[in-house]
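Shown below: target.cif, with mmCIF, C-alpha atoms.
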```
data_target
#
loop_
_atom_site.label_atom_id
_atom_site.label_comp_id
_atom_site.auth_asym_id
_atom_site.auth_seq_id
_atom_site.Cartn_x
_atom_site.Cartn_y
_atom_site.Cartn_z
CA MET A 175 -1.69 11.62 -1.06
CA PHE A 176 -2.23 7.98 -1.94
CA ASP A 177 0.83 6.55 -3.69
CA GLY A 178 0.88 2.83 -3.63
CA PRO A 179 -0.44 -0.53 -2.64
CA VAL A 180 -3.38 -1.14 -0.39
CA GLY A 181 -3.53 -3.70 2.40
CA GLN A 182 -6.49 -4.86 4.44
CA GLY A 183 -6.77 -6.43 7.88
CA ASN A 184 -8.36 -6.07 11.31
CA ASP A 185 -11.33 -4.07 9.94
CA HIS A 186 -9.07 -1.44 8.35
CA LEU A 187 -7.81 -0.54 4.91
CA TYR A 188 -4.18 0.64 4.72
CA TRP A 189 -2.33 2.56 1.99
CA THR A 190 1.09 4.09 1.48
CA GLU A 191 2.41 7.57 0.97
CA LEU A 192 5.95 7.27 -0.34
CA GLY A 193 8.51 9.71 0.94
CA PRO A 194 10.60 10.60 2.64
CA PRO A 195 8.86 11.35 4.84
CA SER A 196 6.88 8.14 4.40
CA TYR A 197 3.48 7.39 5.87
CA ILE A 198 0.95 4.61 6.10
CA GLY A 199 -2.62 5.81 6.01
CA ARG A 200 -5.68 3.91 7.15
CA ALA A 201 -9.46 4.00 7.33
CA THR A 202 -12.10 1.61 8.61
CA LEU A 203 -13.68 -0.73 6.09
CA ARG A 204 -16.85 1.34 6.55
CA GLY A 205 -14.97 4.34 5.14
CA THR A 206 -14.69 6.28 8.39
CA HIS A 207 -11.75 7.66 10.35
CA ALA A 208 -9.54 8.12 7.27
CA ASP A 209 -6.05 9.40 8.16
CA ASP A 210 -3.42 9.80 5.41
CA HIS A 211 -0.65 10.15 8.01
CA TRP A 212 -1.76 7.51 10.51
CA LEU A 213 1.73 5.98 10.88
CA ASN A 214 4.84 8.08 10.31
CA LEU A 215 7.76 6.03 8.97
CA HIS A 216 9.95 9.12 8.78
CA ARG A 217 12.79 8.69 6.28
CA LEU A 218 12.26 5.06 5.24
CA PRO A 219 12.31 4.67 1.44
CA GLY A 220 8.99 2.95 0.94
CA PRO A 221 6.74 1.28 2.08
CA PHE A 222 5.96 -0.67 -1.07
CA GLU A 223 3.90 -3.68 0.03
CA LEU A 224 1.43 -3.86 2.91
CA ALA A 225 -0.30 -6.68 4.75
CA ALA A 226 -2.14 -6.84 8.08
CA ASP A 227 -3.69 -9.34 10.43
CA ASP A 228 -5.54 -8.83 13.70
CA ARG A 229 -2.41 -7.71 15.59
CA TRP A 230 0.26 -6.53 13.15
CA LEU A 231 0.76 -4.41 10.06
CA PHE A 232 3.69 -5.49 7.86
CA PHE A 233 5.43 -3.38 5.21
CA ASP A 234 8.58 -3.65 3.12
CA TRP A 235 11.05 -0.96 2.13
CA GLU A 236 14.42 -0.56 0.41
CA ILE A 237 17.53 -0.58 2.61
CA GLY A 238 19.95 0.46 -0.13
CA ALA A 239 20.07 1.98 -3.58
CA GLY A 240 20.89 0.86 -7.10
CA ILE A 241 19.52 -1.99 -9.17
CA ASN A 242 17.66 -4.52 -7.03
CA PRO A 243 18.51 -2.93 -3.67
CA PRO A 244 18.19 -5.05 -0.53
CA THR A 245 14.89 -4.81 1.25
CA ALA A 246 13.56 -5.34 4.74
CA VAL A 247 10.15 -6.12 6.19
CA GLY A 248 9.03 -3.88 9.02
CA ARG A 249 6.07 -4.24 11.30
CA ALA A 250 3.96 -2.20 13.69
CA ARG A 251 1.07 -3.06 15.95
CA VAL A 252 -2.32 -2.23 14.48
CA ASP A 253 -2.69 0.50 17.11
CA GLY A 254 0.37 2.24 15.59
CA THR A 255 2.82 1.35 18.35
CA ALA A 256 5.90 -0.88 18.46
CA VAL A 257 7.22 0.11 15.02
CA HIS A 258 10.14 -2.13 14.12
CA PRO A 259 11.55 -1.25 10.66
CA ARG A 260 13.83 -4.30 10.35
CA PHE A 261 11.61 -7.11 11.57
CA LEU A 262 13.28 -9.38 9.00
CA ALA A 263 15.32 -9.15 5.80
CA GLY A 264 13.68 -9.71 2.45
CA ILE A 265 10.51 -8.77 0.67
CA GLY A 266 6.90 -9.85 0.67
CA PRO A 267 5.05 -9.11 3.92
CA PHE A 268 1.95 -10.72 2.43
CA LEU A 269 3.61 -14.08 3.14
CA LEU A 270 3.50 -13.35 6.88
CA THR A 271 -0.29 -13.12 6.88
CA SER A 272 -1.09 -15.90 4.44
CA PRO A 273 -2.81 -19.08 5.68
CA GLY A 274 -0.31 -21.27 7.51
CA ALA A 275 2.08 -18.43 8.37
CA ASP A 276 1.71 -19.17 12.09
CA SER A 277 2.63 -22.83 11.59
#
```
Before we go any further, please render this structure as structure tokens.
Amino acid sequence: MFDGPVGQGNDHLYWTELGPPSYIGRATLRGTHADDHWLNLHRLPGPFELAADDRWLFFDWEIGAGINPPTAVGRARVDGTAVHPRFLAGIGPFLLTSPGADS
């Protein structure tokens, strides 16, 4: 079930299914190969924001609870491997794929 934000990159469209368990779904931009449970994030609370480039998918999630809980940015390769939930602290994975992010 589609819950949240949509991200686009590397010829795919990504969406979230909030949990736990949490998933990232994806489909090609042509609308084929749709999979609601493409990437299993298990018990992570989130993901809330998504961004992708040609190699990586970035997502953020809440580390704690309460008002304004701390967040982390996770990443995974666009083939669904190398999932790293705490790639960096903070929020806003879209910044990692914006022009000039590699500078």
Point to revise | Best match for closeness to Gly183 of chain A among A:Glu223, A:Asp234, A:Asp228, A:Asp253, counting all atoms listed in the file | key: A:Asp228
Review point. Which neighbours of Glu191 of chain A fall inside 12 Å, counting all atoms listed in the file, when residues of the same chain fewer than 3 positions from it are skipped, and could you give them as an NGL selection string?
Key: :A and (175-180 or 188 or 194-200 or 209-224)
Point to revise | atom CA of Arg229 of chain A to atom CA of Arg251 of chain A, straight-line distance in Å | key: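 Atom-to-atom, atom CA of Arg251 of chain A to atom CA of Arg229 of chain A, that is 5.8 Å.
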Exercise for review: Report the distance between atom CA of His186 of chain A and atom CA of Leu203 of chain A in Å, rounded to one decimal place.
Suggested key: 5.2 Å
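What separates atom CA of His258 of chain A from atom CA of Phe232 of chain A is a distance of 9.6 Å.
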For segment 252-258 of chain A, take all atoms listed in the file, fit an axis-aligned box around them, add 5 Å to each of the six sides, then output centre and edge lengths in Å rounded to one decimal, as lines of an AutoDock Vina configuration file.
```
center_x = 3.7
center_y = 0.0
center_z = 16.3
size_x = 22.8
size_y = 14.5
size_z = 14.3
```
